[in-house]
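Q: So that you have it, the file is start_22.cif, and it contains mmCIF, C-alpha atoms:
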data_input
loop_
_atom_site.label_atom_id
_atom_site.label_comp_id
_atom_site.auth_asym_id
_atom_site.auth_seq_id
_atom_site.Cartn_x
_atom_site.Cartn_y
_atom_site.Cartn_z
CA MET A 1 -36.29 12.20 -17.81
CA LYS A 2 -39.92 12.66 -18.88
CA LYS A 3 -40.85 9.55 -16.93
CA ARG A 4 -39.36 10.93 -13.72
CA ILE A 5 -41.06 14.29 -14.22
CA LYS A 6 -44.42 12.51 -14.53
CA ILE A 7 -43.74 10.46 -11.40
CA ILE A 8 -42.62 13.47 -9.37
CA THR A 9 -45.55 15.59 -10.56
CA GLY A 10 -48.04 12.79 -9.93
CA SER A 11 -46.64 12.14 -6.45
CA LEU A 12 -46.79 15.84 -5.64
CA LEU A 13 -50.42 16.09 -6.78
CA ILE A 14 -51.40 13.11 -4.62
CA ALA A 15 -49.61 14.63 -1.63
CA ILE A 16 -51.20 18.06 -2.18
CA SER A 17 -54.66 16.55 -2.47
CA TYR A 18 -54.17 14.32 0.56
CA ASN A 19 -52.86 17.10 2.76
CA ILE A 20 -55.03 20.02 1.66
CA PHE A 21 -58.31 18.36 0.73
CA PHE A 22 -58.49 15.11 2.67
CA LEU A 23 -56.43 15.34 5.84
CA SER A 24 -57.41 18.91 6.66
CA TYR A 25 -61.14 18.19 6.34
CA ASP A 26 -61.32 14.69 7.84
CA ILE A 27 -62.15 13.13 4.47
CA ILE A 28 -60.98 9.54 4.29
CA PRO A 29 -59.54 8.56 0.88
CA ASN A 30 -58.92 5.14 -0.60
CA GLY A 31 -56.32 2.46 0.01
CA ILE A 32 -53.39 2.81 2.34
CA TYR A 33 -53.98 6.57 2.49
CA GLY A 34 -57.39 5.96 4.02
CA ILE A 35 -55.86 3.67 6.64
CA ALA A 36 -53.28 6.35 7.45
CA SER A 37 -56.04 8.94 7.82
CA LEU A 38 -58.09 6.77 10.18
CA ILE A 39 -55.05 6.03 12.34
CA ASN A 40 -54.22 9.73 12.41
CA TYR A 41 -57.76 10.60 13.43
CA VAL A 42 -57.85 8.03 16.24
CA ASN A 43 -54.44 8.56 17.86
CA ASN A 44 -52.90 11.51 15.97
CA TYR A 45 -50.14 9.35 14.48
CA ASP A 46 -48.23 11.07 11.66
CA PRO A 47 -49.77 9.74 8.40
CA ALA A 48 -46.62 10.50 6.40
CA LEU A 49 -44.54 8.35 8.74
CA PHE A 50 -47.09 5.53 8.60
CA LEU A 51 -47.20 5.68 4.80
CA LEU A 52 -43.42 5.68 4.53
CA MET A 53 -42.99 2.68 6.84
CA ALA A 54 -45.81 0.77 5.16
CA ASN A 55 -44.48 1.46 1.67
CA VAL A 56 -40.92 0.51 2.61
CA CYS A 57 -42.13 -2.81 4.02
CA LEU A 58 -44.27 -3.46 0.95
CA ILE A 59 -41.45 -2.50 -1.44
CA ILE A 60 -39.21 -5.02 0.32
CA LEU A 61 -41.99 -7.58 -0.09
CA ALA A 62 -42.18 -6.72 -3.79
CA TYR A 63 -38.43 -7.14 -4.15
CA ILE A 64 -38.59 -10.59 -2.59
CA THR A 65 -41.66 -11.86 -4.41
CA LEU A 66 -41.70 -9.97 -7.72
CA GLY A 67 -37.99 -9.61 -8.33
CA PRO A 68 -35.39 -6.83 -8.58
CA ILE A 69 -36.86 -5.37 -11.78
CA LYS A 70 -40.56 -5.18 -10.98
CA TYR A 71 -40.09 -3.69 -7.52
CA LYS A 72 -38.55 -0.55 -9.04
CA ASN A 73 -42.00 0.41 -10.32
CA TYR A 74 -43.06 1.10 -6.73
CA LEU A 75 -39.85 2.60 -5.39
CA LEU A 76 -39.96 6.26 -6.40
CA PRO A 77 -43.70 6.99 -5.85
CA GLY A 78 -43.69 4.92 -2.64
CA ILE A 79 -41.00 7.17 -1.18
CA LEU A 80 -41.92 10.51 -2.76
CA ILE A 81 -45.60 10.63 -1.79
CA PRO A 82 -45.02 10.23 1.99
CA LEU A 83 -42.05 12.61 1.73
CA PHE A 84 -44.13 15.32 0.06
CA ILE A 85 -46.92 14.83 2.61
CA TYR A 86 -44.39 15.17 5.45
CA ILE A 87 -42.87 18.34 3.98
CA MET A 88 -46.27 19.95 3.56
CA ASN A 89 -47.26 19.05 7.13
CA TYR A 90 -43.92 20.26 8.47
CA PHE A 91 -44.36 23.69 6.92
CA HIS A 92 -48.09 23.69 7.73
CA LEU A 93 -49.05 24.17 4.10
CA THR A 94 -52.83 24.29 4.28
CA VAL A 95 -55.53 26.10 2.36
CA SER A 96 -58.89 27.17 3.76
CA PHE A 97 -62.04 26.24 1.84
CA GLU A 98 -64.54 27.60 4.34
CA ASN A 99 -66.74 29.06 1.61
CA LEU A 100 -66.93 25.82 -0.34
CA GLU A 101 -69.38 22.99 0.15
CA SER A 102 -67.88 19.77 1.46
CA ILE A 103 -68.90 17.90 -1.67
CA THR A 104 -66.92 20.40 -3.77
CA VAL A 105 -63.82 19.76 -1.69
CA VAL A 106 -64.36 16.01 -2.01
CA ILE A 107 -64.71 16.11 -5.80
CA ALA A 108 -61.77 18.47 -6.28
CA GLY A 109 -59.50 16.38 -4.08
CA SER A 110 -60.57 13.16 -5.78
CA PHE A 111 -59.90 14.43 -9.29
CA ILE A 112 -56.52 15.90 -8.35
CA THR A 113 -55.59 12.58 -6.75
CA GLY A 114 -56.84 10.74 -9.82
CA LEU A 115 -54.71 12.99 -12.02
CA GLY A 116 -51.69 12.14 -9.88
CA TYR A 117 -52.44 8.42 -10.23
CA SER A 118 -52.82 8.88 -13.98
CA LEU A 119 -49.41 10.51 -14.38
CA ILE A 120 -47.70 7.78 -12.37
CA TYR A 121 -49.46 4.96 -14.23
CA LYS A 122 -48.68 6.52 -17.60
CA ALA A 123 -45.02 6.63 -16.58
CA GLY A 124 -45.21 2.86 -16.09
CA ASP A 125 -44.96 2.98 -12.30
CA SER A 126 -47.37 2.33 -9.45
CA VAL A 127 -48.38 4.33 -6.39
CA GLY A 128 -47.36 1.52 -4.06
CA GLY A 129 -49.47 0.57 -1.08
CA LEU A 130 -52.28 -1.81 -1.97
CA ASP A 131 -51.07 -1.99 -5.57
CA ILE A 132 -48.07 -3.95 -4.31
CA ILE A 133 -50.18 -6.40 -2.33
CA GLN A 134 -52.50 -6.87 -5.30
CA ASP A 135 -49.60 -7.48 -7.69
CA VAL A 136 -47.99 -9.96 -5.29
CA LEU A 137 -51.25 -11.90 -5.05
CA ASP A 138 -51.76 -11.76 -8.82
CA SER A 139 -48.29 -13.18 -9.37
CA ALA A 140 -49.09 -16.13 -7.11
CA THR A 141 -52.39 -17.13 -8.70
CA THR A 142 -54.03 -17.29 -12.10
CA ASN A 143 -57.32 -16.09 -10.62
CA LYS A 144 -56.75 -12.35 -10.74
CA ASN A 145 -59.27 -10.19 -8.90
CA LYS A 146 -59.41 -7.02 -6.83
CA ILE A 147 -60.43 -8.68 -3.59
CA VAL A 148 -57.71 -6.90 -1.58
CA SER A 149 -58.80 -3.46 -2.77
CA TYR A 150 -62.46 -4.22 -2.17
CA LEU A 151 -61.76 -5.64 1.29
CA VAL A 152 -59.62 -2.70 2.41
CA GLU A 153 -62.04 -0.14 0.99
CA SER A 154 -64.91 -1.88 2.80
CA ILE A 155 -62.93 -1.70 6.04
CA ILE A 156 -62.19 1.98 5.41
CA LEU A 157 -65.86 2.75 4.81
CA LEU A 158 -66.90 0.82 7.91
CA GLY A 159 -64.23 2.53 10.01
CA THR A 160 -65.25 5.93 8.67
CA LEU A 161 -68.88 5.20 9.51
CA LEU A 162 -68.05 4.16 13.08
CA ILE A 163 -65.54 6.93 13.77
CA LEU A 164 -66.73 9.92 11.75
CA GLY A 165 -70.35 9.16 10.96
CA PHE A 166 -72.59 8.45 8.00
CA GLU A 167 -71.98 11.70 6.10
CA SER A 168 -68.21 11.24 6.16
CA MET A 169 -68.67 7.66 5.02
CA LEU A 170 -70.63 8.88 1.99
CA TYR A 171 -67.90 11.38 1.17
CA SER A 172 -65.32 8.62 1.48
CA LEU A 173 -67.33 6.43 -0.89
CA ILE A 174 -67.45 9.25 -3.46
CA VAL A 175 -63.68 9.70 -3.16
CA ILE A 176 -63.05 5.98 -3.66
CA LEU A 177 -65.32 5.78 -6.71
CA ILE A 178 -63.88 8.87 -8.43
CA ILE A 179 -60.26 7.87 -7.83
CA ARG A 180 -60.91 4.30 -8.97
CA TYR A 181 -62.66 5.52 -12.12
CA THR A 182 -59.89 7.99 -12.95
CA ALA A 183 -57.14 5.46 -12.25
CA THR A 184 -58.85 2.81 -14.39
CA LYS A 185 -59.29 5.21 -17.28
CA SER A 186 -55.64 6.21 -17.06
CA LYS A 187 -54.60 2.56 -17.37
CA ILE A 188 -56.82 1.45 -20.23
CA GLY A 189 -57.31 4.83 -21.85
CA ILE A 190 -60.41 6.66 -22.96
CA SER A 191 -62.19 5.21 -25.94
CA THR A 192 -61.54 7.37 -28.99
CA SER A 193 -62.93 4.94 -31.55
CA LYS A 194 -65.79 2.51 -31.98
CA MET A 195 -65.50 -0.89 -33.62
CA PHE A 196 -68.55 -1.81 -35.70
CA TYR A 197 -69.49 -5.38 -36.60
CA ILE A 198 -72.34 -5.41 -39.10
CA ILE A 199 -74.38 -8.24 -40.62
CA THR A 200 -76.77 -7.07 -43.31
CA THR A 201 -78.66 -8.35 -46.33
CA LYS A 202 -77.76 -5.13 -48.13
CA GLU A 203 -74.05 -5.69 -48.00
CA ASN A 204 -73.05 -3.71 -51.10
CA GLU A 205 -75.05 -0.64 -50.11
CA VAL A 206 -73.58 -0.62 -46.61
CA LYS A 207 -70.04 -1.09 -47.91
CA ASN A 208 -70.54 1.70 -50.41
CA TYR A 209 -71.82 4.00 -47.66
CA ILE A 210 -68.84 3.27 -45.39
CA MET A 211 -66.14 3.54 -48.04
CA ASN A 212 -67.49 6.26 -50.33
CA GLU A 213 -69.64 8.40 -48.06
CA LEU A 214 -67.77 8.14 -44.77
CA LYS A 215 -64.34 7.49 -46.33
CA HIS A 216 -63.51 4.63 -43.99
CA ASP A 217 -61.86 1.31 -44.69
CA LEU A 218 -63.48 -1.98 -43.77
CA THR A 219 -62.81 -5.69 -43.47
CA GLU A 220 -65.10 -8.62 -44.26
CA PHE A 221 -65.27 -11.98 -42.50
CA ASN A 222 -67.02 -15.08 -43.77
CA ILE A 223 -69.27 -16.51 -41.06
CA LYS A 224 -71.88 -19.22 -40.55
CA GLY A 225 -74.89 -18.87 -38.27
CA GLY A 226 -74.66 -21.04 -35.18
CA PHE A 227 -78.36 -21.91 -35.25
CA SER A 228 -79.44 -21.41 -38.86
CA LYS A 229 -76.13 -22.61 -40.38
CA ASN A 230 -76.63 -19.96 -43.07
CA LYS A 231 -73.46 -18.47 -44.52
CA SER A 232 -73.03 -14.72 -44.37
CA LYS A 233 -70.44 -11.99 -43.88
CA ILE A 234 -69.54 -9.59 -41.10
CA ILE A 235 -68.43 -6.11 -42.07
CA MET A 236 -65.93 -4.73 -39.56
CA THR A 237 -64.84 -1.10 -39.49
CA SER A 238 -63.39 1.39 -37.03
CA MET A 239 -65.00 4.79 -36.63
CA ASP A 240 -64.03 7.83 -34.56
CA THR A 241 -66.33 8.19 -31.57
CA LYS A 242 -67.56 11.56 -32.83
CA ASN A 243 -68.86 9.82 -35.99
CA TYR A 244 -70.50 7.01 -34.04
CA TYR A 245 -74.12 8.01 -34.70
CA GLU A 246 -73.46 8.88 -38.32
CA LEU A 247 -72.45 5.31 -39.14
CA LYS A 248 -75.03 3.62 -36.92
CA GLU A 249 -77.97 5.63 -38.20
CA GLY A 250 -76.71 5.44 -41.78
CA VAL A 251 -76.58 1.64 -41.70
CA LEU A 252 -80.04 1.43 -40.13
CA LEU A 253 -81.46 3.71 -42.83
CA ILE A 254 -80.07 1.36 -45.47
CA ASP A 255 -81.14 -1.81 -43.67
CA PRO A 256 -83.41 -1.39 -40.61
CA LYS A 257 -82.99 -5.10 -39.85
CA ALA A 258 -79.19 -5.03 -39.88
CA PHE A 259 -77.38 -6.62 -36.94
CA ILE A 260 -74.90 -4.12 -35.46
CA SER A 261 -72.49 -4.78 -32.61
CA ILE A 262 -70.46 -1.81 -31.35
CA THR A 263 -67.48 -1.97 -28.99
CA ASP A 264 -64.98 0.55 -27.65
CA GLY A 265 -61.67 0.89 -29.44
CA TYR A 266 -58.96 2.40 -27.25
CA GLU A 267 -56.33 2.62 -29.94
CA VAL A 268 -56.43 2.10 -33.70
CA ILE A 269 -53.14 1.98 -35.58
CA ASN A 270 -52.80 2.52 -39.34
CA LYS A 271 -56.49 3.24 -39.77
CA ASN A 272 -57.86 3.64 -43.32
CA LEU A 273 -54.60 2.71 -45.06
CA SER A 274 -56.38 1.40 -48.16
CA ILE A 275 -58.64 4.44 -48.46
CA ASN A 276 -55.71 6.83 -48.03
CA LYS A 277 -53.65 5.02 -50.67
CA GLN A 278 -56.57 5.10 -53.07
CA ASP A 279 -57.06 8.84 -52.55
CA LYS A 280 -53.38 9.49 -53.25
CA ASN A 281 -53.52 7.53 -56.48
CA VAL A 282 -56.55 9.40 -57.76
#
Just dump the structure as structure tokens.
A:
Amino acid sequence: MKKRIKIITGSLLIAISYNIFFLSYDIIPNGIYGIASLINYVNNYDPALFLLMANVCLIILAYITLGPIKYKNYLLPGILIPLFIYIMNYFHLTVSFENLESITVVIAGSFITGLGYSLIYKAGDSVGGLDIIQDVLDSATTNKNKIVSYLVESIILLGTLLILGFESMLYSLIVILIIRYTATKSKIGISTSKMFYIITTKENEVKNYIMNELKHDLTEFNIKGGFSKNKSKIIMTSMDTKNYYELKEGVLLIDPKAFISITDGYEVINKNLSINKQDKNV
């Protein structure tokens, strides 16, 4: 039930953004929605009808190529989004933003669309359209890339430039970048932790600082230098992003020559188990 609520809400947000922010102000969004907007601008063809027909054809393609289980991930959003757009157009649900700068409308529409994408992706589904084509291509080759998205977005930008002009093309580029960023973050998550890999000659002091001062667990790996062949150890620990500088600066104060590699950690499970057990036993 929660999954369907997310999909319905996400589809509704995408439709609201498309109809109120993009379609009403000749702003061309990304993907199949951008193609629908350009076609609508050139010959006044109903974008909702185009999106519905395109998604139905692509869903059938997904059923044939990806199988009867995978295609279901595109079914509900692929039908709901065009349906919501059609309903809003039918009842002429528009909002005037005459007092707002165009860039404000662009950013607002992009983030609302990105939020809609995020809800659908978090529900385990896809928005359909180019996602289907990309998944079909990915299933047929081991060389996975986003060439379809890049190609279509390039065509959209070129079409926007030729039809609506340079300013509209810039707005379209901003929309594409914001939606892509938001959608990517919704898939992989926002980094809440940092993974530290530390090589230091003052190993005991650094370990003491991490475990006793910062109250964080750590793991050690035995390593050998690729060039020097010298044996050493790597100290690995996970730290909340908000404590990132505290650990980094603390280690550098102990050993200014310490090697520190820091990467994003999107999810850490059972963090600090040893420290927590020790605290309970004290």
Q: Suppose a student applies the PyMOL selection byres ((chain A and resi 5) around 12) to this structure; what residues should they get, written as a list in words?
A: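 This file gives the following for the PyMOL selection byres ((chain A and resi 5) around 12): Met1, Lys2, Lys3, Arg4, Lys6, Ile7, Ile8, Thr9, Gly10, Ser11, Leu12, Leu76, Pro77, Gly116, Leu119, Ile120, Lys122 and Ala123 of chain A.
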Q: Please write the residues from the selection above to a file, keeping C-alpha atoms, as a PDB file, in the coordinates of the input.
A:
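The resulting file, out.pdb, is reproduced below:
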ATOM      1  CA  MET A   1     -36.290  12.200 -17.810  1.00  0.00           C
ATOM      2  CA  LYS A   2     -39.920  12.660 -18.880  1.00  0.00           C
ATOM      3  CA  LYS A   3     -40.850   9.550 -16.930  1.00  0.00           C
ATOM      4  CA  ARG A   4     -39.360  10.930 -13.720  1.00  0.00           C
ATOM      5  CA  LYS A   6     -44.420  12.510 -14.530  1.00  0.00           C
ATOM      6  CA  ILE A   7     -43.740  10.460 -11.400  1.00  0.00           C
ATOM      7  CA  ILE A   8     -42.620  13.470  -9.370  1.00  0.00           C
ATOM      8  CA  THR A   9     -45.550  15.590 -10.560  1.00  0.00           C
ATOM      9  CA  GLY A  10     -48.040  12.790  -9.930  1.00  0.00           C
ATOM     10  CA  SER A  11     -46.640  12.140  -6.450  1.00  0.00           C
ATOM     11  CA  LEU A  12     -46.790  15.840  -5.640  1.00  0.00           C
ATOM     12  CA  LEU A  76     -39.960   6.260  -6.400  1.00  0.00           C
ATOM     13  CA  PRO A  77     -43.700   6.990  -5.850  1.00  0.00           C
ATOM     14  CA  GLY A 116     -51.690  12.140  -9.880  1.00  0.00           C
ATOM     15  CA  LEU A 119     -49.410  10.510 -14.380  1.00  0.00           C
ATOM     16  CA  ILE A 120     -47.700   7.780 -12.370  1.00  0.00           C
ATOM     17  CA  LYS A 122     -48.680   6.520 -17.600  1.00  0.00           C
ATOM     18  CA  ALA A 123     -45.020   6.630 -16.580  1.00  0.00           C
TER      19      ALA A 123
END
Q: In terms of the shortest atom-to-atom distance over all atoms listed in the file, which of A:Ser154, A:Val175, A:Ala183, A:Asn19 is closest to Phe91 of chain A?
A: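 Nearest candidate to Phe91 of chain A out of A:Ser154, A:Val175, A:Ala183, A:Asn19: A:Asn19.
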Q: Restricting the calculation to only C-alpha atoms: of A:Ile174, A:Met88, A:Ala36, A:Ile20, which residue gets closest to Gly129 of chain A?
A: A:Ala36
Q: Can you tell me how far atom CA of Pro256 of chain A sits from atom CA of Ser193 of chain A, in Å to one decimal?
A: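 Between these atoms lies a distance of 23.3 Å.
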Q: Nearest residue to Gly250 of chain A out of A:Asn89, A:Asn208, A:Ser232, A:Ser238, using all atoms listed in the file?
A: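 Of all the options, A:Asn208 lies closest to Gly250 of chain A.
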